[in-house]
Structure formats: structure tokens, C-alpha cells
$ cat target-v2.txt   # compact mmCIF, C-alpha atoms
# COMPACT_ATOMS: atom_id res chain seq x y z
CA MET Y 24 -76.13 -38.11 -25.87
CA ALA Y 25 -75.31 -37.26 -29.49
CA LYS Y 26 -74.32 -40.03 -31.87
CA LYS Y 27 -71.02 -39.67 -33.66
CA LYS Y 28 -71.48 -39.32 -37.43
CA LEU Y 29 -69.97 -42.10 -39.57
CA ASN Y 30 -67.04 -40.87 -41.66
CA VAL Y 31 -67.67 -42.69 -44.94
CA ILE Y 32 -64.89 -40.97 -46.88
CA GLY Y 33 -62.41 -41.81 -44.12
CA ILE Y 34 -63.45 -45.46 -44.31
CA VAL Y 35 -63.06 -45.44 -48.11
CA PHE Y 36 -59.59 -43.88 -47.76
CA ALA Y 37 -58.64 -46.50 -45.16
CA ALA Y 38 -59.83 -49.30 -47.46
CA LEU Y 39 -57.83 -47.89 -50.38
CA ILE Y 40 -54.74 -47.62 -48.20
CA LEU Y 41 -55.16 -51.25 -47.13
CA VAL Y 42 -55.60 -52.37 -50.76
CA GLY Y 43 -52.43 -50.44 -51.65
CA LEU Y 44 -50.51 -52.24 -48.91
CA VAL Y 45 -51.76 -55.62 -50.15
CA LEU Y 46 -50.80 -54.75 -53.74
CA ALA Y 47 -47.32 -53.75 -52.58
CA ILE Y 48 -46.87 -57.07 -50.77
CA VAL Y 49 -48.18 -59.04 -53.76
CA GLY Y 50 -45.91 -57.03 -56.05
CA MET Y 51 -42.91 -57.93 -53.95
CA CYS Y 52 -43.75 -61.64 -54.32
CA THR Y 53 -44.59 -61.46 -58.04
CA PRO Y 54 -41.97 -61.62 -60.82
CA ILE Y 55 -40.22 -58.29 -61.29
CA LEU Y 56 -38.63 -59.12 -64.64
CA SER Y 57 -40.20 -60.88 -67.60
CA ASN Y 58 -40.02 -61.13 -71.35
CA GLY Y 59 -42.84 -60.35 -73.72
CA ASP Y 60 -44.41 -63.82 -73.85
CA LEU Y 61 -43.88 -64.46 -70.10
CA LYS Y 62 -41.80 -67.61 -70.68
CA VAL Y 63 -39.06 -66.02 -68.61
CA SER Y 64 -39.96 -64.34 -65.35
CA VAL Y 65 -37.78 -63.67 -62.34
CA GLY Y 66 -39.06 -62.75 -58.90
CA LEU Y 67 -37.23 -60.64 -56.37
CA PHE Y 68 -36.34 -63.64 -54.20
CA ASP Y 69 -36.13 -66.39 -56.86
CA GLU Y 70 -33.15 -68.68 -57.17
CA GLU Y 71 -32.70 -67.52 -60.78
CA TRP Y 72 -30.60 -64.65 -59.43
CA SER Y 73 -27.97 -67.09 -58.15
CA LYS Y 74 -28.08 -68.95 -61.47
CA LEU Y 75 -27.49 -65.68 -63.31
CA GLU Y 76 -24.61 -64.83 -60.98
CA LYS Y 77 -23.02 -68.24 -61.73
CA LEU Y 78 -23.55 -67.64 -65.43
CA SER Y 79 -21.82 -64.26 -65.16
CA GLU Y 80 -18.82 -65.92 -63.50
CA SER Y 81 -18.34 -68.13 -66.55
CA MET Y 82 -18.96 -65.25 -68.95
CA PRO Y 83 -16.85 -62.24 -67.91
CA ASN Y 84 -18.66 -59.96 -70.39
CA LEU Y 85 -22.02 -60.55 -68.68
CA ASN Y 86 -22.70 -58.43 -65.63
CA VAL Y 87 -25.70 -59.42 -63.53
CA PRO Y 88 -27.38 -56.29 -62.22
CA SER Y 89 -27.89 -55.97 -58.50
CA ARG Y 90 -31.40 -56.18 -57.11
CA THR Y 91 -30.43 -54.31 -53.92
CA PHE Y 92 -31.99 -51.00 -55.02
CA THR Y 93 -35.23 -52.81 -55.86
CA ILE Y 94 -35.33 -54.47 -52.44
CA ILE Y 95 -34.66 -51.13 -50.72
CA ALA Y 96 -37.40 -49.47 -52.79
CA PHE Y 97 -39.91 -52.17 -51.79
CA VAL Y 98 -38.91 -51.81 -48.11
CA VAL Y 99 -39.44 -48.03 -48.28
CA LEU Y 100 -42.82 -48.63 -49.92
CA LEU Y 101 -43.89 -51.16 -47.29
CA ILE Y 102 -42.81 -48.91 -44.39
CA GLY Y 103 -44.79 -45.99 -45.81
CA ALA Y 104 -47.86 -48.14 -46.49
CA VAL Y 105 -47.81 -49.66 -42.99
CA VAL Y 106 -47.51 -46.21 -41.41
CA ALA Y 107 -50.39 -45.01 -43.62
CA VAL Y 108 -52.55 -47.96 -42.51
CA LEU Y 109 -51.74 -47.29 -38.85
CA SER Y 110 -52.58 -43.61 -39.34
CA ALA Y 111 -55.92 -44.52 -40.93
CA VAL Y 112 -56.75 -46.83 -38.02
CA LEU Y 113 -55.81 -44.12 -35.52
CA ASP Y 114 -57.99 -41.64 -37.40
CA MET Y 115 -60.95 -44.01 -37.17
CA ILE Y 116 -60.67 -44.26 -33.40
CA GLY Y 117 -60.17 -40.51 -33.05
CA LYS Y 118 -56.50 -40.54 -32.07
CA GLY Y 119 -55.07 -39.63 -35.48
CA ASN Y 120 -52.20 -37.28 -36.13
CA LYS Y 121 -52.09 -35.26 -39.33
CA PHE Y 122 -48.31 -35.50 -39.64
CA ILE Y 123 -48.22 -39.30 -39.31
CA GLY Y 124 -50.71 -39.62 -42.17
CA LEU Y 125 -48.87 -37.11 -44.33
CA GLY Y 126 -45.51 -38.74 -43.63
CA GLY Y 127 -46.72 -42.28 -44.23
CA GLY Y 128 -48.50 -41.25 -47.42
CA ALA Y 129 -45.50 -39.35 -48.74
CA VAL Y 130 -43.14 -42.25 -47.99
CA ALA Y 131 -45.55 -44.71 -49.66
CA VAL Y 132 -45.77 -42.58 -52.82
CA LEU Y 133 -41.99 -42.12 -52.82
CA GLY Y 134 -41.54 -45.88 -52.36
CA GLY Y 135 -43.90 -46.61 -55.24
CA ILE Y 136 -41.99 -44.27 -57.53
CA LEU Y 137 -38.67 -45.80 -56.40
CA VAL Y 138 -40.02 -49.30 -57.14
CA LEU Y 139 -40.94 -48.23 -60.66
CA ILE Y 140 -37.56 -46.60 -61.26
CA ALA Y 141 -35.71 -49.59 -59.80
CA GLY Y 142 -37.66 -52.04 -61.94
CA LEU Y 143 -37.13 -50.10 -65.14
CA VAL Y 144 -33.42 -49.62 -64.43
CA LEU Y 145 -33.04 -53.30 -63.54
CA ALA Y 146 -34.78 -54.35 -66.76
CA SER Y 147 -32.60 -52.05 -68.85
CA ASP Y 148 -29.49 -53.43 -67.16
CA PHE Y 149 -30.31 -56.83 -68.62
CA THR Y 150 -29.69 -55.72 -72.21
CA GLU Y 151 -26.56 -57.89 -72.44
CA TYR Y 152 -28.45 -60.91 -71.17
CA SER Y 153 -31.31 -60.10 -73.55
CA LYS Y 154 -28.93 -60.29 -76.50
CA ILE Y 155 -27.69 -63.74 -75.43
CA VAL Y 156 -31.17 -65.27 -75.06
CA ASP Y 157 -32.57 -63.21 -77.96
CA GLN Y 158 -35.47 -61.88 -75.90
CA THR Y 159 -36.37 -58.48 -74.57
CA ILE Y 160 -36.45 -58.33 -70.77
CA SER Y 161 -38.83 -55.78 -69.26
CA ALA Y 162 -40.26 -54.84 -65.90
CA GLY Y 163 -42.61 -57.54 -64.71
CA ALA Y 164 -45.98 -57.45 -63.00
CA GLY Y 165 -44.41 -57.12 -59.55
CA ILE Y 166 -42.93 -53.74 -60.39
CA TRP Y 167 -46.23 -52.41 -61.72
CA LEU Y 168 -48.18 -53.81 -58.75
CA GLY Y 169 -45.69 -52.22 -56.37
CA PHE Y 170 -45.94 -48.87 -58.12
CA ILE Y 171 -49.74 -48.91 -58.15
CA GLY Y 172 -49.79 -50.12 -54.54
CA GLY Y 173 -47.55 -47.24 -53.49
CA LEU Y 174 -49.78 -44.68 -55.14
CA LEU Y 175 -52.94 -46.36 -53.88
CA ALA Y 176 -51.64 -46.40 -50.31
CA GLY Y 177 -50.03 -42.97 -50.36
CA VAL Y 178 -52.49 -40.68 -52.08
CA PRO Y 179 -55.53 -41.58 -49.90
CA ALA Y 180 -53.31 -41.33 -46.80
CA ILE Y 181 -52.31 -37.81 -47.76
CA LEU Y 182 -55.88 -36.84 -48.65
CA GLY Y 183 -57.16 -38.37 -45.42
CA ALA Y 184 -54.58 -36.52 -43.36
CA LEU Y 185 -55.59 -33.27 -45.01
CA LYS Y 186 -59.26 -34.13 -44.38
CA VAL Y 187 -60.16 -33.66 -48.05
CA GLY Y 188 -63.89 -34.25 -48.49
CA GLN Y 189 -64.41 -34.84 -44.77
CA LYS Y 190 -66.05 -32.69 -42.15
$ encode --input "target-v2.txt" --output "C-alpha cells"
Amino acid sequence: MAKKKLNVIGIVFAALILVGLVLAIVGMCTPILSNGDLKVSVGLFDEEWSKLEKLSESMPNLNVPSRTFTIIAFVVLLIGAVVAVLSAVLDMIGKGNKFIGLGGGAVAVLGGILVLIAGLVLASDFTEYSKIVDQTISAGAGIWLGFIGGLLAGVPAILGALKVGQK
């Protein structure tokens, strides 16, 4: 009986995909907006959003940007990363499907790019608020972790589905 050869590159791809999923989850729970000296940071699910909405009610000139696009982008990223992880696990047990890996990887990369765009747009929408507090608001660590997580989950999933470097 012949032994099955260990697929080291497939295991490395699976580990990278898993790390990408973890980074995406951590990015979702980390502040998505911050100022330069990190004295102000706002997470995706922090109560600061409701405080800002109350502040905008008292100041009609201040519009609080919506975080809906950012939440949708993170959900797309997480769905793609989870599908990529499942595809990697199925590949390891020999039941993998090329199209599941390609689809999950593509959705994860797309989600990562959407997270970056959403974070940058959200930060730029706070220019009015930035003028009031005299600080520049920029995309926080959560946006960058989500973007990197999307790429880290998606690219190895695509390469693994295409069997790049594997026999």
C-alpha cells in the first residue's frame, strides 16, 4: 500500500487562509477610525456612533457618516474567508472543489478591498467633525487588519485552488 505524500504547500496555504480569517475578525473588533495620536478611536460597534448621532441632532451642519457600507464590506470579507477555509479543509481531506476555492478566495479579496475603500471613505466623511475637534480622523487599525486579512485569506485560496506549486 502506497503512502500518500504530504502536501506541504497546501498546508501552508491553509494556514495563511486561517490567519487571514483571524485578522479579518480582529479587524472587525478593532477601532476603524482614529486620529494621529490615537487619543480618539472608534470601533465598528462602539457606542461612540450613537453619541455622534446625538451630536449631529444638535448640530444640523454635522452629518454623521453611515457605517453600513463598512459592516457590509466586513461581512463579505468574512463570508469569503470562511468559504476559503472550508475549501482548504476539503482539499486536505481530498474532497476539494476548485471552484469553491476560487470563489471563496475571490470573495475574500473583494471583501478586503471593499473594507479598505469603506474605511477610507468613512474617514474622509468625517472632515466636518475633524474641523470641530481640530484633529485629523483617518482609517484605524481595524480597516488595515481587515484589508490585509482579506488579501491573506483570498490569495492563498486562489493559488491553492489553482494548485500553484503543488503536484
$ closest_residue --input "target-v2.txt" --among "Y:Ala104, Y:Leu78, Y:Val112, Y:Ala146" --to "Val45 of chain Y" --atoms "all atoms listed in the file"
Y:Ala104
$ atom_distance --input "target-v2.txt" --atom1 "atom CA of Val187 of chain Y" --atom2 "atom CA of Phe36 of chain Y"
10.2 Å
$ residues_around --input "target-v2.txt" --residues "Leu125 of chain Y" --least-positions-apart "6" --cutoff "10 Å" --atoms "all atoms listed in the file" --output "ChimeraX atom specification"
/Y:103,106-107,110,131,177-185
$ axis_aligned_box --input "target-v2.txt" --around "segment 109-120 of chain Y" --padding-each-side "3 Å" --output "lines of an AutoDock Vina configuration file"
center_x = -56.3
center_y = -42.3
center_z = -36.5
size_x = 15.2
size_y = 16.0
size_z = 14.9
$ residues_around --input "target-v2.txt" --residues "segment 134-137 of chain Y" --least-positions-apart "3" --cutoff "7 Å" --atoms "all atoms listed in the file" --output "PyMOL selection string"
chain Y and resi 96-97+99-100+130-131+140-141+169-174
$ residues_around --input "target-v2.txt" --residues "Leu109 of chain Y" --least-positions-apart "5" --cutoff "10 Å" --atoms "all atoms listed in the file" --output "list in words"
Ala37, Ile40, Leu41, Gly103, Ala104, Asp114, Met115, Gly119, Ile123, Gly124 and Gly127 of chain Y
$ write_last_selection --input "target-v2.txt" --atoms "C-alpha atoms" --output "tab-separated table (two decimals), in the frame of the given file"
chain	number	residue	atom	x	y	z
Y	37	ALA	CA	-58.64	-46.50	-45.16
Y	40	ILE	CA	-54.74	-47.62	-48.20
Y	41	LEU	CA	-55.16	-51.25	-47.13
Y	103	GLY	CA	-44.79	-45.99	-45.81
Y	104	ALA	CA	-47.86	-48.14	-46.49
Y	114	ASP	CA	-57.99	-41.64	-37.40
Y	115	MET	CA	-60.95	-44.01	-37.17
Y	119	GLY	CA	-55.07	-39.63	-35.48
Y	123	ILE	CA	-48.22	-39.30	-39.31
Y	124	GLY	CA	-50.71	-39.62	-42.17
Y	127	GLY	CA	-46.72	-42.28	-44.23
$ residues_around --input "target-v2.txt" --residues "Val144 of chain Y" --least-positions-apart "2" --cutoff "10 Å" --atoms "only C-alpha atoms" --output "compact mmCIF listing (two decimals) with C-alpha atoms, keeping the file's coordinate frame"
# COMPACT_ATOMS: atom_id res chain seq x y z
CA PRO Y 88 -27.38 -56.29 -62.22
CA PHE Y 92 -31.99 -51.00 -55.02
CA THR Y 93 -35.23 -52.81 -55.86
CA VAL Y 138 -40.02 -49.30 -57.14
CA LEU Y 139 -40.94 -48.23 -60.66
CA ILE Y 140 -37.56 -46.60 -61.26
CA ALA Y 141 -35.71 -49.59 -59.80
CA GLY Y 142 -37.66 -52.04 -61.94
CA ALA Y 146 -34.78 -54.35 -66.76
CA SER Y 147 -32.60 -52.05 -68.85
CA ASP Y 148 -29.49 -53.43 -67.16
CA PHE Y 149 -30.31 -56.83 -68.62
CA SER Y 161 -38.83 -55.78 -69.26
CA ALA Y 162 -40.26 -54.84 -65.90
$ atom_distance --input "target-v2.txt" --atom1 "atom CA of Ile116 of chain Y" --atom2 "atom CA of Gly43 of chain Y"
21.0 Å
$ closest_residue --input "target-v2.txt" --among "Y:Lys186, Y:Leu101, Y:Ile32, Y:Asp69" --to "Leu133 of chain Y" --atoms "all atoms listed in the file"
Y:Leu101
$ closest_residue --input "target-v2.txt" --among "Y:Val65, Y:Val105, Y:Ile55, Y:Leu75" --to "Leu143 of chain Y" --atoms "only C-alpha atoms"
Y:Ile55
$ closest_residue --input "target-v2.txt" --among "Y:Ile95, Y:Thr53, Y:Leu67, Y:Gly128" --to "Val108 of chain Y" --atoms "only C-alpha atoms"
Y:Gly128
$ atom_distance --input "target-v2.txt" --atom1 "atom CA of Ala47 of chain Y" --atom2 "atom CA of Gly165 of chain Y"
8.3 Å
